[in-house]
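Next up, structure-v7.cif (mmCIF, C-alpha atoms and all ligand atoms):
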data_start
loop_
_atom_site.group_PDB
_atom_site.id
_atom_site.type_symbol
_atom_site.label_atom_id
_atom_site.label_comp_id
_atom_site.auth_asym_id
_atom_site.auth_seq_id
_atom_site.Cartn_x
_atom_site.Cartn_y
_atom_site.Cartn_z
ATOM 1 C CA MET M 1 0.000 0.000 0.000
ATOM 2 C CA LYS M 2 1.279 3.452 -0.836
ATOM 3 C CA ILE M 3 0.030 6.840 0.223
ATOM 4 C CA ILE M 4 0.198 9.501 -2.455
ATOM 5 C CA CYS M 5 -0.222 13.037 -1.171
ATOM 6 C CA ILE M 6 -1.128 16.048 -3.268
ATOM 7 C CA GLY M 7 0.417 19.398 -2.394
ATOM 8 C CA ARG M 8 -1.217 22.765 -3.059
ATOM 9 C CA ASN M 9 -4.570 21.538 -4.337
ATOM 10 C CA TYR M 10 -6.514 24.431 -2.793
ATOM 11 C CA SER M 11 -5.504 27.895 -3.923
ATOM 12 C CA ASP M 12 -6.323 29.531 -0.566
ATOM 13 C CA HIS M 13 -3.814 27.182 1.125
ATOM 14 C CA ALA M 14 -1.157 27.703 -1.578
ATOM 15 C CA ARG M 15 -1.500 31.433 -0.973
ATOM 16 C CA GLU M 16 -1.278 31.193 2.823
ATOM 17 C CA LEU M 17 2.134 29.502 2.486
ATOM 18 C CA LYS M 18 3.113 31.974 -0.250
ATOM 19 C CA ASN M 19 3.430 29.193 -2.818
ATOM 20 C CA GLU M 20 2.486 29.550 -6.444
ATOM 21 C CA VAL M 21 -0.707 27.833 -7.551
ATOM 22 C CA PRO M 22 0.626 24.894 -9.598
ATOM 23 C CA SER M 23 -0.201 24.227 -13.235
ATOM 24 C CA ASP M 24 0.244 20.465 -12.705
ATOM 25 C CA PRO M 25 -0.470 18.461 -9.541
ATOM 26 C CA LEU M 26 2.420 18.303 -7.098
ATOM 27 C CA PHE M 27 2.717 14.979 -5.320
ATOM 28 C CA PHE M 28 4.873 13.119 -2.822
ATOM 29 C CA LEU M 29 4.654 9.786 -1.006
ATOM 30 C CA LYS M 30 4.319 8.709 2.581
ATOM 31 C CA PRO M 31 5.497 5.178 3.409
ATOM 32 C CA GLU M 32 3.363 2.612 5.201
ATOM 33 C CA SER M 33 5.465 3.181 8.333
ATOM 34 C CA SER M 34 4.174 6.766 8.531
ATOM 35 C CA VAL M 35 0.653 5.633 9.413
ATOM 36 C CA LEU M 36 -0.253 6.530 12.997
ATOM 37 C CA HIS M 37 -1.426 3.391 14.774
ATOM 38 C CA LYS M 38 -5.087 3.347 15.584
ATOM 39 C CA ARG M 39 -5.932 4.999 18.882
ATOM 40 C CA HIS M 40 -2.298 5.978 19.476
ATOM 41 C CA ALA M 41 -1.383 9.510 20.426
ATOM 42 C CA PHE M 42 0.680 11.618 18.040
ATOM 43 C CA TYR M 43 4.058 12.408 19.598
ATOM 44 C CA ILE M 44 5.771 15.518 18.257
ATOM 45 C CA PRO M 45 9.263 14.355 17.187
ATOM 46 C CA GLU M 46 12.134 15.936 19.093
ATOM 47 C CA TRP M 47 13.858 17.135 15.895
ATOM 48 C CA THR M 48 11.144 19.638 14.960
ATOM 49 C CA SER M 49 9.640 22.584 16.762
ATOM 50 C CA ASP M 50 6.811 23.278 14.312
ATOM 51 C CA VAL M 51 4.522 20.423 13.287
ATOM 52 C CA HIS M 52 1.502 21.536 11.293
ATOM 53 C CA TYR M 53 -1.807 19.734 10.878
ATOM 54 C CA GLU M 54 -3.287 19.477 7.365
ATOM 55 C CA VAL M 55 -6.721 17.876 7.082
ATOM 56 C CA GLU M 56 -7.420 16.183 3.751
ATOM 57 C CA LEU M 57 -10.048 14.110 2.014
ATOM 58 C CA VAL M 58 -8.593 10.637 1.456
ATOM 59 C CA VAL M 59 -9.627 8.514 -1.515
ATOM 60 C CA LYS M 60 -9.149 4.752 -1.401
ATOM 61 C CA ILE M 61 -8.190 3.126 -4.702
ATOM 62 C CA LEU M 62 -10.466 0.259 -5.617
ATOM 63 C CA LYS M 63 -8.477 -1.498 -8.328
ATOM 64 C CA ARG M 64 -5.226 -1.492 -10.200
ATOM 65 C CA GLY M 65 -4.896 1.332 -12.720
ATOM 66 C CA LYS M 66 -2.254 2.582 -15.120
ATOM 67 C CA ALA M 67 -2.653 5.525 -17.522
ATOM 68 C CA VAL M 68 -6.327 5.829 -16.564
ATOM 69 C CA LEU M 69 -8.559 7.849 -18.876
ATOM 70 C CA GLU M 70 -10.564 10.583 -17.185
ATOM 71 C CA LYS M 71 -13.928 9.118 -18.204
ATOM 72 C CA PHE M 72 -13.013 5.871 -16.435
ATOM 73 C CA ALA M 73 -11.478 7.497 -13.334
ATOM 74 C CA PRO M 74 -14.675 7.146 -11.208
ATOM 75 C CA ARG M 75 -14.369 3.363 -11.527
ATOM 76 C CA TYR M 76 -11.200 3.490 -9.445
ATOM 77 C CA TYR M 77 -12.760 4.651 -6.171
ATOM 78 C CA CYS M 78 -15.996 4.367 -4.263
ATOM 79 C CA GLU M 79 -15.099 5.199 -0.658
ATOM 80 C CA VAL M 80 -13.722 8.298 0.994
ATOM 81 C CA GLY M 81 -12.130 8.886 4.357
ATOM 82 C CA LEU M 82 -10.350 11.655 6.170
ATOM 83 C CA GLY M 83 -6.678 12.084 6.959
ATOM 84 C CA ILE M 84 -4.172 14.401 8.542
ATOM 85 C CA ASP M 85 -0.907 15.033 6.731
ATOM 86 C CA PHE M 86 1.297 16.043 9.679
ATOM 87 C CA THR M 87 4.139 18.184 8.378
ATOM 88 C CA ALA M 88 7.296 19.356 10.128
ATOM 89 C CA ARG M 89 6.995 22.823 8.606
ATOM 90 C CA ASP M 90 10.343 24.115 9.899
ATOM 91 C CA VAL M 91 12.168 21.151 8.339
ATOM 92 C CA GLN M 92 10.120 21.381 5.125
ATOM 93 C CA THR M 93 11.059 25.053 4.755
ATOM 94 C CA GLN M 94 14.766 24.179 5.026
ATOM 95 C CA LEU M 95 14.378 21.343 2.506
ATOM 96 C CA LYS M 96 12.504 23.569 0.058
ATOM 97 C CA GLN M 97 15.182 26.245 0.299
ATOM 98 C CA ALA M 98 17.877 23.624 -0.370
ATOM 99 C CA GLY M 99 15.879 22.131 -3.254
ATOM 100 C CA HIS M 100 15.789 18.776 -1.465
ATOM 101 C CA PRO M 101 12.993 16.183 -1.308
ATOM 102 C CA TRP M 102 10.398 16.624 1.438
ATOM 103 C CA GLU M 103 10.402 13.139 3.001
ATOM 104 C CA LYS M 104 12.131 14.162 6.236
ATOM 105 C CA ALA M 105 9.341 16.653 6.859
ATOM 106 C CA LYS M 106 6.416 14.615 5.545
ATOM 107 C CA ALA M 107 7.109 10.881 5.787
ATOM 108 C CA PHE M 108 8.123 10.395 9.420
ATOM 109 C CA ASP M 109 6.486 7.880 11.771
ATOM 110 C CA GLY M 110 2.988 8.947 12.757
ATOM 111 C CA SER M 111 2.768 11.651 10.096
ATOM 112 C CA ALA M 112 -0.180 10.004 8.306
ATOM 113 C CA VAL M 113 -3.399 9.889 10.266
ATOM 114 C CA ILE M 114 -6.075 7.913 8.437
ATOM 115 C CA SER M 115 -9.684 7.531 9.529
ATOM 116 C CA GLU M 116 -10.642 4.039 10.609
ATOM 117 C CA LYS M 117 -13.782 4.183 8.536
ATOM 118 C CA PHE M 118 -14.171 4.936 4.870
ATOM 119 C CA ILE M 119 -17.650 5.860 3.702
ATOM 120 C CA PRO M 120 -19.086 4.804 0.339
ATOM 121 C CA LEU M 121 -20.024 7.848 -1.719
ATOM 122 C CA ASN M 122 -23.439 6.366 -2.440
ATOM 123 C CA GLU M 123 -24.059 6.225 1.312
ATOM 124 C CA LEU M 124 -23.243 9.925 1.536
ATOM 125 C CA GLY M 125 -25.434 10.500 -1.507
ATOM 126 C CA LYS M 126 -22.996 13.108 -2.783
ATOM 127 C CA ASP M 127 -20.615 13.689 -5.625
ATOM 128 C CA ILE M 128 -16.969 13.425 -4.612
ATOM 129 C CA GLN M 129 -16.520 17.095 -5.605
ATOM 130 C CA ASP M 130 -19.321 18.168 -3.284
ATOM 131 C CA LEU M 131 -18.060 17.164 0.164
ATOM 132 C CA SER M 132 -17.283 19.345 3.148
ATOM 133 C CA PHE M 133 -14.759 18.480 5.809
ATOM 134 C CA SER M 134 -13.278 20.192 8.812
ATOM 135 C CA LEU M 135 -10.699 19.992 11.551
ATOM 136 C CA LEU M 136 -11.143 21.125 15.120
ATOM 137 C CA ILE M 137 -8.416 21.695 17.679
ATOM 138 C CA ASN M 138 -9.717 21.620 21.241
ATOM 139 C CA ASN M 139 -13.196 22.183 19.789
ATOM 140 C CA ASP M 140 -12.208 25.276 17.784
ATOM 141 C CA GLU M 141 -12.711 24.865 14.048
ATOM 142 C CA VAL M 142 -9.380 25.645 12.384
ATOM 143 C CA GLN M 143 -9.937 24.254 8.872
ATOM 144 C CA LEU M 144 -13.088 24.023 6.801
ATOM 145 C CA GLY M 145 -12.777 22.707 3.272
ATOM 146 C CA HIS M 146 -15.056 21.839 0.417
ATOM 147 C CA THR M 147 -13.948 19.504 -2.353
ATOM 148 C CA ALA M 148 -15.513 21.787 -4.979
ATOM 149 C CA ASP M 149 -12.565 24.101 -4.300
ATOM 150 C CA MET M 150 -9.913 21.584 -5.391
ATOM 151 C CA ILE M 151 -7.674 22.906 -8.161
ATOM 152 C CA PHE M 152 -7.395 19.369 -9.595
ATOM 153 C CA SER M 153 -10.452 17.138 -9.179
ATOM 154 C CA VAL M 154 -10.088 13.588 -7.872
ATOM 155 C CA ASP M 155 -10.637 12.236 -11.398
ATOM 156 C CA LYS M 156 -7.897 14.486 -12.798
ATOM 157 C CA LEU M 157 -5.552 13.418 -9.989
ATOM 158 C CA ILE M 158 -6.131 9.747 -10.825
ATOM 159 C CA VAL M 159 -5.386 10.398 -14.495
ATOM 160 C CA TYR M 160 -2.246 12.359 -13.672
ATOM 161 C CA LEU M 161 -0.849 10.070 -10.975
ATOM 162 C CA SER M 162 -1.532 6.873 -12.926
ATOM 163 C CA ASN M 163 0.697 8.152 -15.716
ATOM 164 C CA TYR M 164 3.649 8.053 -13.338
ATOM 165 C CA MET M 165 2.903 5.159 -11.012
ATOM 166 C CA THR M 166 0.512 2.245 -11.155
ATOM 167 C CA LEU M 167 -2.316 2.698 -8.689
ATOM 168 C CA LYS M 168 -2.955 -0.468 -6.744
ATOM 169 C CA THR M 169 -5.901 -1.738 -4.770
ATOM 170 C CA GLY M 170 -5.873 -0.158 -1.318
ATOM 171 C CA ASP M 171 -3.582 2.734 -2.198
ATOM 172 C CA LEU M 172 -4.639 6.012 -0.631
ATOM 173 C CA ILE M 173 -4.625 9.475 -2.122
ATOM 174 C CA PHE M 174 -4.451 12.428 0.263
ATOM 175 C CA THR M 175 -6.040 15.070 -1.937
ATOM 176 C CA GLY M 176 -4.556 18.250 -0.449
ATOM 177 C CA THR M 177 -5.452 20.618 2.349
ATOM 178 C CA PRO M 178 -7.510 23.807 2.414
ATOM 179 C CA ALA M 179 -6.406 26.979 4.204
ATOM 180 C CA GLY M 180 -6.057 27.221 7.947
ATOM 181 C CA VAL M 181 -3.048 25.000 8.605
ATOM 182 C CA GLY M 182 -1.206 25.666 11.846
ATOM 183 C CA SER M 183 0.980 24.254 14.591
ATOM 184 C CA VAL M 184 0.047 21.561 17.071
ATOM 185 C CA ALA M 185 1.086 21.579 20.725
ATOM 186 C CA PRO M 186 1.265 18.858 23.374
ATOM 187 C CA GLY M 187 -2.132 18.476 24.995
ATOM 188 C CA ASP M 188 -4.094 19.349 21.851
ATOM 189 C CA LYS M 189 -7.070 17.182 21.000
ATOM 190 C CA ILE M 190 -7.705 17.096 17.258
ATOM 191 C CA THR M 191 -10.979 15.951 15.734
ATOM 192 C CA GLY M 192 -11.883 15.689 12.069
ATOM 193 C CA PHE M 193 -15.272 15.636 10.390
ATOM 194 C CA LEU M 194 -16.465 14.654 6.918
ATOM 195 C CA GLU M 195 -19.983 15.714 5.979
ATOM 196 C CA GLY M 196 -20.699 16.224 9.675
ATOM 197 C CA ILE M 197 -19.564 12.711 10.621
ATOM 198 C CA GLN M 198 -16.718 12.467 13.101
ATOM 199 C CA MET M 199 -13.958 10.497 11.422
ATOM 200 C CA LEU M 200 -10.841 11.185 13.498
ATOM 201 C CA SER M 201 -9.724 11.944 17.002
ATOM 202 C CA VAL M 202 -6.046 12.346 17.885
ATOM 203 C CA ASN M 203 -4.325 13.451 21.068
ATOM 204 C CA VAL M 204 -1.037 15.315 20.657
ATOM 205 C CA LYS M 205 1.801 14.638 23.102
HETATM 206 ZN ZN ZN W 301 -0.903 17.862 2.705
#

Would you mind writing the file out in structure tokens?
Ligand code: ZN
Amino acid sequence: MKIICIGRNYSDHARELKNEVPSDPLFFLKPESSVLHKRHAFYIPEWTSDVHYEVELVVKILKRGKAVLEKFAPRYYCEVGLGIDFTARDVQTQLKQAGHPWEKAKAFDGSAVISEKFIPLNELGKDIQDLSFSLLINNDEVQLGHTADMIFSVDKLIVYLSNYMTLKTGDLIFTGTPAGVGSVAPGDKITGFLEGIQMLSVNVK
């Protein structure tokens, strides 16, 4: 199983980090070892002093796909979940400045939070580009996103990604974060919602 993450897929988030809005999707990978174990707390690593939360819609790949055509892209998913792409922003900034890959800042243990449940779209009764999701820290809403605001739709992401790497059953796509990212601190309780359904709860230590 691989986790493919999309960067800068919401223009309001690209702007808040003073990044250009991309003309092609920007992606990176998180390894399987980055997945936070279920019901475990998230421990801020000692080598960073600025871990950011990024809440994202997560799409689960249903079957193997290579060079998928856009009209067939909807056949490659049917369930959605929610995830947090924890990012060591201080380290990422150094890597970006050096022109280095982002893995140190993005692929560390515990950096991928994935909801236990994935919900079939037909159960939600909604189009994948018509979903709202949010993140609360200690009950304050810090991020509120709507998938209609994606720069690249899920179908376009599947087309693009599958031209570079074969999508396999069970792969996950983190589809990018909306504006409102910020730092976490020990003691924070993070909860995530998709279409009003609580999907995640993480304690930060
Ligand atoms: Zn992200």

Can you list what the PyMOL selection byres (((chain M and resi 44-48) around 8) and not hetatm) grabs from this structure, as an mmCIF file with C-alpha atoms, keeping the file's coordinate frame?
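Saved to expr.cif:
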data_model
loop_
_atom_site.group_PDB
_atom_site.id
_atom_site.type_symbol
_atom_site.label_atom_id
_atom_site.label_comp_id
_atom_site.auth_asym_id
_atom_site.auth_seq_id
_atom_site.Cartn_x
_atom_site.Cartn_y
_atom_site.Cartn_z
ATOM 1 C CA PHE M 42 0.680 11.618 18.040
ATOM 2 C CA TYR M 43 4.058 12.408 19.598
ATOM 3 C CA SER M 49 9.640 22.584 16.762
ATOM 4 C CA ASP M 50 6.811 23.278 14.312
ATOM 5 C CA VAL M 51 4.522 20.423 13.287
ATOM 6 C CA ALA M 88 7.296 19.356 10.128
ATOM 7 C CA ASP M 90 10.343 24.115 9.899
ATOM 8 C CA VAL M 91 12.168 21.151 8.339
ATOM 9 C CA PRO M 186 1.265 18.858 23.374
ATOM 10 C CA VAL M 204 -1.037 15.315 20.657
ATOM 11 C CA LYS M 205 1.801 14.638 23.102
#

Leaving out Pro120 (chain M) and any residue of its chain fewer than 4 positions from it, which residues lie within 10 Å of it when counting only C-alpha atoms, given as a list of chain:residue names?
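Close residues of Pro120 (chain M): M:Tyr77, M:Cys78, M:Glu79, M:Val80, M:Gly81, M:Leu124, M:Gly125, M:Lys126.
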
Store the residues picked out above in a file with C-alpha atoms, as a short mmCIF file (atom, residue, chain, number, x, y, z; two decimals), in the coordinates of the input.
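Printed below is out.cif as written:
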data_model
loop_
_atom_site.label_atom_id
_atom_site.label_comp_id
_atom_site.auth_asym_id
_atom_site.auth_seq_id
_atom_site.Cartn_x
_atom_site.Cartn_y
_atom_site.Cartn_z
CA TYR M 77 -12.76 4.65 -6.17
CA CYS M 78 -16.00 4.37 -4.26
CA GLU M 79 -15.10 5.20 -0.66
CA VAL M 80 -13.72 8.30 0.99
CA GLY M 81 -12.13 8.89 4.36
CA LEU M 124 -23.24 9.93 1.54
CA GLY M 125 -25.43 10.50 -1.51
CA LYS M 126 -23.00 13.11 -2.78
#

Interatomic distance (Å, one decimal) between CA of Met199 (chain M) and CA of Phe72 (chain M)
28.3 Å

Kindly compile the residues surrounding ligand ZN 301 (chain W) within 10 Å, counting only C-alpha atoms and all ligand atoms, and format them as a compact mmCIF listing (two decimals) with C-alpha atoms, in the coordinates of the input.
# COMPACT_ATOMS: atom_id res chain seq x y z
CA ILE M 4 0.20 9.50 -2.46
CA CYS M 5 -0.22 13.04 -1.17
CA ILE M 6 -1.13 16.05 -3.27
CA GLY M 7 0.42 19.40 -2.39
CA ARG M 8 -1.22 22.76 -3.06
CA ASN M 9 -4.57 21.54 -4.34
CA HIS M 13 -3.81 27.18 1.12
CA PHE M 27 2.72 14.98 -5.32
CA PHE M 28 4.87 13.12 -2.82
CA HIS M 52 1.50 21.54 11.29
CA TYR M 53 -1.81 19.73 10.88
CA GLU M 54 -3.29 19.48 7.36
CA VAL M 55 -6.72 17.88 7.08
CA GLU M 56 -7.42 16.18 3.75
CA LEU M 57 -10.05 14.11 2.01
CA GLY M 83 -6.68 12.08 6.96
CA ILE M 84 -4.17 14.40 8.54
CA ASP M 85 -0.91 15.03 6.73
CA PHE M 86 1.30 16.04 9.68
CA THR M 87 4.14 18.18 8.38
CA LYS M 106 6.42 14.62 5.54
CA ALA M 112 -0.18 10.00 8.31
CA PHE M 174 -4.45 12.43 0.26
CA THR M 175 -6.04 15.07 -1.94
CA GLY M 176 -4.56 18.25 -0.45
CA THR M 177 -5.45 20.62 2.35
CA PRO M 178 -7.51 23.81 2.41
CA VAL M 181 -3.05 25.00 8.60

Min atom-atom distance to Leu136 (chain M) from the set M:Asp188, M:Glu16, M:Asp155, M:Asp149, counting all atoms listed in the file, belongs to M:Asp188

So which residues get picked by the PyMOL selection byres (((chain M and resi 190) around 6) and not hetatm) here, written as a list in words?
Leu136, Ile137, Lys189, Thr191, Ser201 and Val202 of chain M

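In terms of minimum interatomic distance to Lys38 (chain M), M:Gly110 ranks closest within M:Pro101, M:Pro22, M:Gly110, M:Pro74, counting all atoms listed in the file.
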
What does the structure give for the distance between CA of Asp12 (chain M) and CA of Pro25 (chain M), in Å to one decimal?
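Going from CA of Asp12 (chain M) over to CA of Pro25 (chain M), I get 15.4 Å.
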
Residues picked by the PyMOL selection byres (((chain M and resi 64) around 12) and not hetatm) here, as number ranges by chain?
M: 1, 60-63, 65-68, 73, 75-77, 158, 162, 165-171
